[in-house]
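Single-structure report; data block below.
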Amino acid sequence: MYAGASLAGARKLCARTTDIAINWSGGLHHAKRGEPSGFCYVNDIVLAILEMLRFFPRVLYIDIDIHHGDGVELAFYQSDRVMTVSFHKYTGDFFPGTGKLDDNGHGAGKNFALNVPLLDGIDDDMYLTIFKTVIEDTVTSFRPSAIVLQCGADSLGSDRLGAFNLSIAAHGECVNFVRGFNVPLLVLGGGGYTLRNVCRCWTYETSVLVGVNIPNELPRTVYDSFFADSQWKLHPPLSGRVENQNTPASLQKIIVGIRHKLRYLQGAPSVAMQEIPPDIQGFLKEEERTMEEMEDEISTASAGEQRVDSSVARNEFFGGEKDVDHDSPPTPPHSRGTRGGYRRGRGNPGAGDGGKDEYLQRRL
Ligand SMILES: [Zn+2]
């Protein structure tokens, strides 16, 4: 359901029926294509970005959860159409253990994955300084046509799993700063393990995104007992419980490193979008059609052909000295589309045990 909501938000942005879409139940950034991870089963962020890439040439993904946005980074690690920027605690053994400054993409995606590894206890001033500097520079270089912002609330002070010192106001200022670029924006939730602060944070950030001031006094509700800790305030003091291990010098080193990578971009990559790729429903229809074609192909391929030796198993391959008749054109072992008989292929250099010039012949 949360993935459907992120996809629905992405579609609204693509259709230009909204400038900002919010799904606080989404933002499950750890899930991978082949495995669930860190309370994340489906990576709704990746699905939403894929949908957005049908219309937007470049998507910037920003992650302010205290954990590294590894699933999203991995999905687009080789793409220059998605820039991922993750601000997170990094000590090497803090979950998920990835996201060091030097990890910055691969192939076409080299320098399109940025990581801002931070230490325990970072305060509002330091966080906002490095966040605004890095994001400003990234937007200037990458010129995103849409932004996805993951707002994990475990980067707040007093979180049960996190160890930063951020206030709700500073966390919200990151959201406000991103909103200020006036680029189509998909805002998602994420982690957050002191629940009363998670709902305070995302309530405040909703107000920021819709441009409304809301009072610090919480209204009276049936949930009052959950918020008695702060005398029913929206902005309780959350900072100062963990010693700040970051220093101005350590942050400066990160900023220098990020700017160094951004210099390699040499302007935003251009994308030739001649036709809009199919959405998921279109893709499934295409898959269905391909399956039907393959079935048709198999039944046609086996029709009307000579059965040479019924003792030989179908699809068995012969090559080299075992190939006793030597009279048929060569066929590579994995060539497709053998409809109606043999087909000459390019071979498969380097594959198999028989050397690159060895052709195998197929008998049916
Ligand atoms: Zn997290």
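The way I read the labels, and the way they are meant: chains A, B, ... in the order of the structure tokens, residue 1 as the first residue of every chain, and ligand 1 as the first ligand shown, with later ones counted on from there.
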Enumerate as a PyMOL selection string the residues within 6 Å of ligand 1, counting only C-alpha atoms and all ligand atoms. chain A and resi 65-67+152+154+191
task: Considering only C-alpha atoms, return as a PyMOL selection string whatever protein or nucleic-acid residues lie within 10 Å of Val42 in chain A, sequence-local ones (same chain, fewer than 3 positions apart) excluded.
output: chain A and resi 1-3+26-33+35-37+39+45-47
Requested write-out: C-alpha atoms of the selected residues, as a PDB file, in the first residue's frame:
ATOM      1  CA  MET A   1       0.000   0.000   0.000  1.00  0.00           C
ATOM      2  CA  TYR A   2       2.834   2.416   0.841  1.00  0.00           C
ATOM      3  CA  ALA A   3       4.509   1.688  -2.503  1.00  0.00           C
ATOM      4  CA  GLY A  26       6.785   5.634   2.191  1.00  0.00           C
ATOM      5  CA  GLY A  27      10.544   6.174   2.098  1.00  0.00           C
ATOM      6  CA  LEU A  28      11.657   2.579   2.739  1.00  0.00           C
ATOM      7  CA  HIS A  29      15.124   3.106   1.388  1.00  0.00           C
ATOM      8  CA  HIS A  30      16.937  -0.113   2.378  1.00  0.00           C
ATOM      9  CA  ALA A  31      15.027  -2.675   0.270  1.00  0.00           C
ATOM     10  CA  LYS A  32      16.988  -4.144  -2.642  1.00  0.00           C
ATOM     11  CA  ARG A  33      15.815  -5.843  -5.809  1.00  0.00           C
ATOM     12  CA  GLU A  35      16.207  -8.855  -0.658  1.00  0.00           C
ATOM     13  CA  PRO A  36      14.302  -6.994   2.020  1.00  0.00           C
ATOM     14  CA  SER A  37      16.446  -5.073   4.491  1.00  0.00           C
ATOM     15  CA  PHE A  39      12.375  -2.996   7.986  1.00  0.00           C
ATOM     16  CA  ILE A  45      11.363   5.162  -3.638  1.00  0.00           C
ATOM     17  CA  VAL A  46      12.996   3.267  -6.495  1.00  0.00           C
ATOM     18  CA  LEU A  47       9.588   2.463  -8.025  1.00  0.00           C
TER      19      LEU A  47
END
- Query: Closest to Asp80 in chain A among A:Ile147, A:Ala108, A:Leu7, A:Leu101, using only C-alpha atoms?
  - Reply: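 Once distances to Asp80 in chain A are computed over only C-alpha atoms, the minimum belongs to A:Ala108.
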Need the shell around Arg11 in chain A: protein/DNA/RNA residues with any atom at most 12 Å away, counting only C-alpha atoms. Skip same-chain ones fewer than 5 positions apart. Format as a ChimeraX atom specification?
/A:4-6,16-21,47-56,184-186,279-280
Export, as an mmCIF file, in the first residue's frame, the selected residues with C-alpha atoms.
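again.cif written:
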data_model
loop_
_atom_site.group_PDB
_atom_site.id
_atom_site.type_symbol
_atom_site.label_atom_id
_atom_site.label_comp_id
_atom_site.auth_asym_id
_atom_site.auth_seq_id
_atom_site.Cartn_x
_atom_site.Cartn_y
_atom_site.Cartn_z
ATOM 1 C CA GLY A 4 1.248 2.353 -4.330
ATOM 2 C CA ALA A 5 0.977 5.696 -2.567
ATOM 3 C CA SER A 6 4.503 6.727 -3.626
ATOM 4 C CA ARG A 16 1.674 18.116 -13.433
ATOM 5 C CA THR A 17 -1.488 18.000 -11.353
ATOM 6 C CA THR A 18 0.511 18.859 -8.262
ATOM 7 C CA ASP A 19 3.846 20.519 -7.426
ATOM 8 C CA ILE A 20 4.419 18.587 -4.207
ATOM 9 C CA ALA A 21 3.246 15.078 -3.300
ATOM 10 C CA LEU A 47 9.588 2.463 -8.025
ATOM 11 C CA ALA A 48 8.539 6.107 -7.779
ATOM 12 C CA ILE A 49 11.783 7.368 -9.323
ATOM 13 C CA LEU A 50 11.482 4.872 -12.192
ATOM 14 C CA GLU A 51 8.010 6.223 -12.851
ATOM 15 C CA MET A 52 9.294 9.792 -12.727
ATOM 16 C CA LEU A 53 12.082 9.018 -15.204
ATOM 17 C CA ARG A 54 9.428 8.420 -17.846
ATOM 18 C CA PHE A 55 8.816 12.173 -17.883
ATOM 19 C CA PHE A 56 11.642 13.920 -16.053
ATOM 20 C CA PRO A 184 8.379 19.087 -8.650
ATOM 21 C CA LEU A 185 8.865 17.406 -5.288
ATOM 22 C CA LEU A 186 7.966 13.984 -3.903
ATOM 23 C CA ASP A 279 4.543 2.393 -17.292
ATOM 24 C CA ILE A 280 4.275 -0.720 -15.144
#
**Message:** What's around range 218-226 of chain A at 10 Å? Count only C-alpha atoms, leave out sequence neighbours fewer than 3 positions away in its own chain, and write the answer as a ChimeraX atom specification.
**Reply:** /A:195-197,200,214-215,229-235
| message | DSSP on the backbone: which residues in range 138-237 of chain A end up as alpha helix (DSSP H)? Give the answer as a VMD selection string. | response | chain A and resid 138 to 142 168 to 179 195 to 210
(message) List as a list in words the protein and nucleic acid residues near Lys110 in chain A, meaning an atom at most 9 Å away when only C-alpha atoms are counted, but skip any in the same chain fewer than 6 places from it.
(response) Tyr77, Gln78, Ser79, Asp80, Asn104, Lys261, Tyr264 and Leu265 of chain A
Neighbours of range 238-247 of chain A within 6 Å (only C-alpha atoms; same-chain residues fewer than 4 positions away dropped), as a compact mmCIF listing (two decimals) with C-alpha atoms, in the first residue's frame?
# COMPACT_ATOMS: atom_id res chain seq x y z
CA LEU A 119 29.35 11.22 13.35
CA ASP A 120 27.22 11.08 16.50
CA GLY A 121 25.71 14.16 18.01
CA ILE A 122 25.66 16.57 15.06
CA GLY A 157 17.60 14.09 18.76
CA SER A 158 16.30 11.59 21.34
CA ASN A 165 20.91 16.09 18.00
CA SER A 167 15.53 19.57 16.46
The residue from A:Ile135, A:Val59, A:Leu251, A:Leu114 with the smallest atom-to-atom distance to Phe177 in chain A, counting only C-alpha atoms, is A:Ile135
Please list as a PyMOL selection string every residue within 12 Å of Asn213 in chain A, counting only C-alpha atoms and excluding residues in the same chain fewer than 6 positions away.
chain A and resi 203-207+234
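Nearest to Val187 in chain A of all the residues A:Leu149, A:Met83, A:Cys174, A:Val208 is A:Leu149, based on only C-alpha atoms.
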